[in-house]
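File shown: final_1.tsv (TSV, N, CA and C atoms).
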chain	number	residue	atom	x	y	z
A	132	MET	N	0.84	-1.18	0.00
A	132	MET	CA	0.00	0.00	0.00
A	132	MET	C	0.89	1.24	0.00
A	133	THR	N	0.68	2.13	-0.96
A	133	THR	CA	1.44	3.38	-0.99
A	133	THR	C	0.77	4.38	-0.06
A	134	LYS	N	1.49	5.45	0.24
A	134	LYS	CA	0.93	6.46	1.14
A	134	LYS	C	-0.34	7.07	0.56
A	135	LYS	N	-0.42	7.20	-0.76
A	135	LYS	CA	-1.62	7.75	-1.40
A	135	LYS	C	-2.84	6.88	-1.16
A	136	ASP	N	-2.64	5.58	-0.94
A	136	ASP	CA	-3.74	4.64	-0.73
A	136	ASP	C	-4.22	4.60	0.72
A	137	ILE	N	-3.49	5.26	1.61
A	137	ILE	CA	-3.86	5.23	3.02
A	137	ILE	C	-5.11	6.09	3.21
A	138	PRO	N	-6.11	5.55	3.91
A	138	PRO	CA	-7.32	6.34	4.18
A	138	PRO	C	-6.98	7.57	5.02
A	139	PHE	N	-7.80	8.59	4.90
A	139	PHE	CA	-7.58	9.85	5.61
A	139	PHE	C	-7.44	9.64	7.11
A	140	ASP	N	-8.36	8.88	7.70
A	140	ASP	CA	-8.32	8.71	9.15
A	140	ASP	C	-7.06	8.01	9.63
A	141	GLU	N	-6.55	7.10	8.83
A	141	GLU	CA	-5.30	6.41	9.20
A	141	GLU	C	-4.11	7.37	9.07
A	142	ALA	N	-4.11	8.19	8.03
A	142	ALA	CA	-3.04	9.17	7.84
A	142	ALA	C	-3.04	10.18	8.99
A	143	MET	N	-4.23	10.61	9.41
A	143	MET	CA	-4.32	11.54	10.54
A	143	MET	C	-3.81	10.89	11.82
A	144	GLN	N	-4.13	9.63	12.01
A	144	GLN	CA	-3.67	8.92	13.21
A	144	GLN	C	-2.14	8.83	13.21
A	145	GLN	N	-1.56	8.52	12.05
A	145	GLN	CA	-0.10	8.45	11.95
A	145	GLN	C	0.52	9.82	12.26
A	146	LEU	N	-0.09	10.87	11.72
A	146	LEU	CA	0.41	12.22	11.96
A	146	LEU	C	0.31	12.57	13.44
A	147	GLU	N	-0.80	12.23	14.07
A	147	GLU	CA	-0.95	12.50	15.51
A	147	GLU	C	0.09	11.74	16.33
A	148	ASN	N	0.39	10.50	15.95
A	148	ASN	CA	1.41	9.73	16.65
A	148	ASN	C	2.79	10.38	16.53
A	149	ILE	N	3.09	10.85	15.34
A	149	ILE	CA	4.38	11.51	15.12
A	149	ILE	C	4.47	12.79	15.94
A	150	VAL	N	3.42	13.58	15.93
A	150	VAL	CA	3.41	14.82	16.71
A	150	VAL	C	3.59	14.51	18.20
A	151	ARG	N	2.91	13.50	18.67
A	151	ARG	CA	3.01	13.10	20.09
A	151	ARG	C	4.46	12.74	20.44
A	152	GLN	N	5.10	11.97	19.56
A	152	GLN	CA	6.49	11.57	19.81
A	152	GLN	C	7.41	12.78	19.84
A	153	LEU	N	7.20	13.70	18.90
A	153	LEU	CA	8.06	14.88	18.83
A	153	LEU	C	7.82	15.80	20.03
A	154	GLU	N	6.59	15.89	20.50
A	154	GLU	CA	6.28	16.75	21.64
A	154	GLU	C	6.89	16.23	22.93
A	155	GLN	N	7.12	14.93	23.01
A	155	GLN	CA	7.73	14.37	24.22
A	155	GLN	C	9.15	14.89	24.41
A	156	GLY	N	9.82	15.18	23.30
A	156	GLY	CA	11.13	15.80	23.38
A	156	GLY	C	12.29	14.88	23.69
A	157	ASP	N	12.04	13.59	23.85
A	157	ASP	CA	13.14	12.69	24.18
A	157	ASP	C	13.58	11.84	22.99
A	158	VAL	N	13.32	12.35	21.78
A	158	VAL	CA	13.69	11.66	20.55
A	158	VAL	C	15.06	12.18	20.11
A	159	PRO	N	16.01	11.29	19.82
A	159	PRO	CA	17.31	11.75	19.31
A	159	PRO	C	17.13	12.61	18.05
A	160	LEU	N	18.03	13.53	17.85
A	160	LEU	CA	17.94	14.49	16.76
A	160	LEU	C	17.72	13.83	15.41
A	161	GLU	N	18.49	12.80	15.10
A	161	GLU	CA	18.37	12.14	13.80
A	161	GLU	C	16.97	11.55	13.62
A	162	ASN	N	16.46	10.94	14.68
A	162	ASN	CA	15.11	10.37	14.62
A	162	ASN	C	14.06	11.46	14.52
A	163	ALA	N	14.28	12.56	15.22
A	163	ALA	CA	13.34	13.68	15.19
A	163	ALA	C	13.23	14.24	13.78
A	164	ILE	N	14.35	14.35	13.10
A	164	ILE	CA	14.34	14.86	11.73
A	164	ILE	C	13.56	13.91	10.81
A	165	GLU	N	13.80	12.63	10.98
A	165	GLU	CA	13.09	11.62	10.19
A	165	GLU	C	11.59	11.66	10.49
A	166	LEU	N	11.24	11.74	11.76
A	166	LEU	CA	9.83	11.82	12.14
A	166	LEU	C	9.18	13.08	11.57
A	167	TYR	N	9.91	14.20	11.63
A	167	TYR	CA	9.39	15.46	11.09
A	167	TYR	C	9.10	15.33	9.60
A	168	GLN	N	10.01	14.71	8.86
A	168	GLN	CA	9.81	14.53	7.42
A	168	GLN	C	8.59	13.65	7.15
A	169	LYS	N	8.45	12.57	7.89
A	169	LYS	CA	7.28	11.70	7.73
A	169	LYS	C	6.00	12.46	8.08
A	170	GLY	N	6.09	13.25	9.13
A	170	GLY	CA	4.93	14.05	9.53
A	170	GLY	C	4.51	15.03	8.45
A	171	MET	N	5.48	15.64	7.82
A	171	MET	CA	5.17	16.58	6.73
A	171	MET	C	4.51	15.85	5.56
A	172	GLU	N	4.96	14.63	5.28
A	172	GLU	CA	4.36	13.84	4.21
A	172	GLU	C	2.91	13.50	4.54
A	173	PHE	N	2.66	13.09	5.78
A	173	PHE	CA	1.29	12.77	6.18
A	173	PHE	C	0.42	14.03	6.19
A	174	SER	N	1.00	15.14	6.60
A	174	SER	CA	0.26	16.40	6.61
A	174	SER	C	-0.15	16.79	5.19
A	175	LYS	N	0.78	16.66	4.26
A	175	LYS	CA	0.49	16.97	2.85
A	175	LYS	C	-0.59	16.03	2.31
A	176	LEU	N	-0.47	14.75	2.63
A	176	LEU	CA	-1.45	13.77	2.18
A	176	LEU	C	-2.84	14.10	2.70
A	177	CYS	N	-2.93	14.42	3.99
A	177	CYS	CA	-4.23	14.77	4.58
A	177	CYS	C	-4.79	16.02	3.92
A	178	SER	N	-3.96	17.00	3.69
A	178	SER	CA	-4.40	18.23	3.04
A	178	SER	C	-4.93	17.95	1.63
A	179	GLU	N	-4.23	17.12	0.88
A	179	GLU	CA	-4.67	16.78	-0.47
A	179	GLU	C	-6.00	16.04	-0.45
A	180	LYS	N	-6.16	15.12	0.51
A	180	LYS	CA	-7.41	14.36	0.62
A	180	LYS	C	-8.57	15.28	1.00
A	181	LEU	N	-8.32	16.24	1.89
A	181	LEU	CA	-9.36	17.20	2.26
A	181	LEU	C	-9.74	18.09	1.08
A	182	GLN	N	-8.76	18.54	0.32
A	182	GLN	CA	-9.04	19.37	-0.84
A	182	GLN	C	-9.84	18.60	-1.88
A	183	SER	N	-9.50	17.34	-2.07
A	183	SER	CA	-10.23	16.49	-3.01
A	183	SER	C	-11.68	16.31	-2.56
A	184	ALA	N	-11.87	16.06	-1.28
A	184	ALA	CA	-13.22	15.89	-0.74
A	184	ALA	C	-14.02	17.17	-0.90
A	185	GLU	N	-13.38	18.31	-0.66
A	185	GLU	CA	-14.06	19.59	-0.80
A	185	GLU	C	-14.50	19.81	-2.25
A	186	LYS	N	-13.63	19.51	-3.21
A	186	LYS	CA	-13.98	19.65	-4.62
A	186	LYS	C	-15.16	18.76	-4.99
A	187	GLN	N	-15.16	17.54	-4.46
A	187	GLN	CA	-16.26	16.62	-4.74
A	187	GLN	C	-17.57	17.17	-4.18
A	188	LEU	N	-17.52	17.70	-2.97
A	188	LEU	CA	-18.73	18.25	-2.36
A	188	LEU	C	-19.23	19.47	-3.13
A	189	VAL	N	-18.33	20.35	-3.51
A	189	VAL	CA	-18.71	21.54	-4.27
A	189	VAL	C	-19.34	21.13	-5.59
A	190	SER	N	-18.74	20.16	-6.25
A	190	SER	CA	-19.28	19.66	-7.51
A	190	SER	C	-20.65	19.05	-7.31
A	191	PHE	N	-20.80	18.25	-6.27
A	191	PHE	CA	-22.08	17.61	-5.97
A	191	PHE	C	-23.15	18.65	-5.69
A	192	ILE	N	-22.83	19.64	-4.87
A	192	ILE	CA	-23.79	20.70	-4.53
A	192	ILE	C	-24.14	21.50	-5.77
A	193	SER	N	-23.14	21.81	-6.58
A	193	SER	CA	-23.37	22.56	-7.82
A	193	SER	C	-24.27	21.79	-8.76
A	194	ASP	N	-24.01	20.50	-8.93
A	194	ASP	CA	-24.83	19.66	-9.80
A	194	ASP	C	-26.27	19.60	-9.31
A	195	ASN	N	-26.45	19.45	-8.01
A	195	ASN	CA	-27.79	19.37	-7.44
A	195	ASN	C	-28.53	20.69	-7.55
A	196	THR	N	-27.80	21.81	-7.40
A	196	THR	CA	-28.43	23.12	-7.54
A	196	THR	C	-28.89	23.35	-8.97
A	197	GLU	N	-28.06	22.94	-9.93
A	197	GLU	CA	-28.44	23.07	-11.34
A	197	GLU	C	-29.65	22.20	-11.66
A	198	GLU	N	-29.68	20.98	-11.15
A	198	GLU	CA	-30.80	20.10	-11.39
A	198	GLU	C	-32.07	20.65	-10.76
A	199	ALA	N	-31.96	21.18	-9.57
A	199	ALA	CA	-33.13	21.76	-8.89
A	199	ALA	C	-33.63	22.97	-9.65
A	200	GLY	N	-32.72	23.75	-10.20
A	200	GLY	CA	-33.09	24.94	-10.98
A	200	GLY	C	-33.78	24.57	-12.27
A	201	SER	N	-33.36	23.49	-12.90
A	201	SER	CA	-33.97	23.11	-14.18
A	201	SER	C	-35.35	22.48	-13.97
A	202	THR	N	-35.64	21.91	-12.83
A	202	THR	CA	-36.96	21.33	-12.59
A	202	THR	C	-37.95	22.38	-12.15
A	203	ASN	N	-37.47	23.55	-11.69
A	203	ASN	CA	-38.36	24.62	-11.27
A	203	ASN	C	-38.80	25.48	-12.44
A	204	GLU	N	-38.17	25.36	-13.57
A	204	GLU	CA	-38.49	26.22	-14.71
A	204	GLU	C	-39.67	25.73	-15.48

Go ahead and render the structure in this file as structure tokens.
Amino acid sequence: MTKKDIPFDEAMQQLENIVRQLEQGDVPLENAIELYQKGMEFSKLCSEKLQSAEKQLVSFISDNTEEAGSTNE
């Protein structure tokens, strides 16, 4: 499974775990850098998934508004 295939909720959970580890402050520098990079990847993935969902909703609402408008005429 590639990162793109990970469901949103799982990606958010991974991101939360990484943030929790980094906030503890007892992670060696090299590991902290690696965790930060992974966190940024999960953050980007979540953002992309949210943007995609928003576009789908806007499209769905737009389509339904157009259909409702054409039946009222």

| Exercise: Gln145 (chain A) partners within 7 Å, all atoms listed in the file, chain neighbours under 5 positions left out, as a list in words | Asp140, Val150, Gly170 and Phe173 of chain A

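Of note, CA of Pro138 (chain A) and atom N of Ser178 (chain A) are spaced 11.2 Å apart.
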
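Between CA of Glu165 (chain A) and CA of Leu146 (chain A) the separation is 12.8 Å.
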
| message | When you look at Met143 (chain A) with a cut-off of 8 Å (counting only N, CA and C atoms), what residues show up, excluding the ones that are within fewer than 6 positions of it in the same chain? I need them as a PyMOL selection string. | response | chain A and resi 137+149+173-174+176-177

Around all listed atoms of region 148-158 of chain A, padded 8 Å per side, what centre and edge lengths does the axis-aligned box have in Å to one decimal, as AutoDock Vina command-line options?
--center_x 7.7 --center_y 13.2 --center_z 19.8 --size_x 30.7 --size_y 23.0 --size_z 25.3

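The two atoms in question, CA of Glu179 (chain A) and CA of Thr196 (chain A), are spaced 25.6 Å apart.
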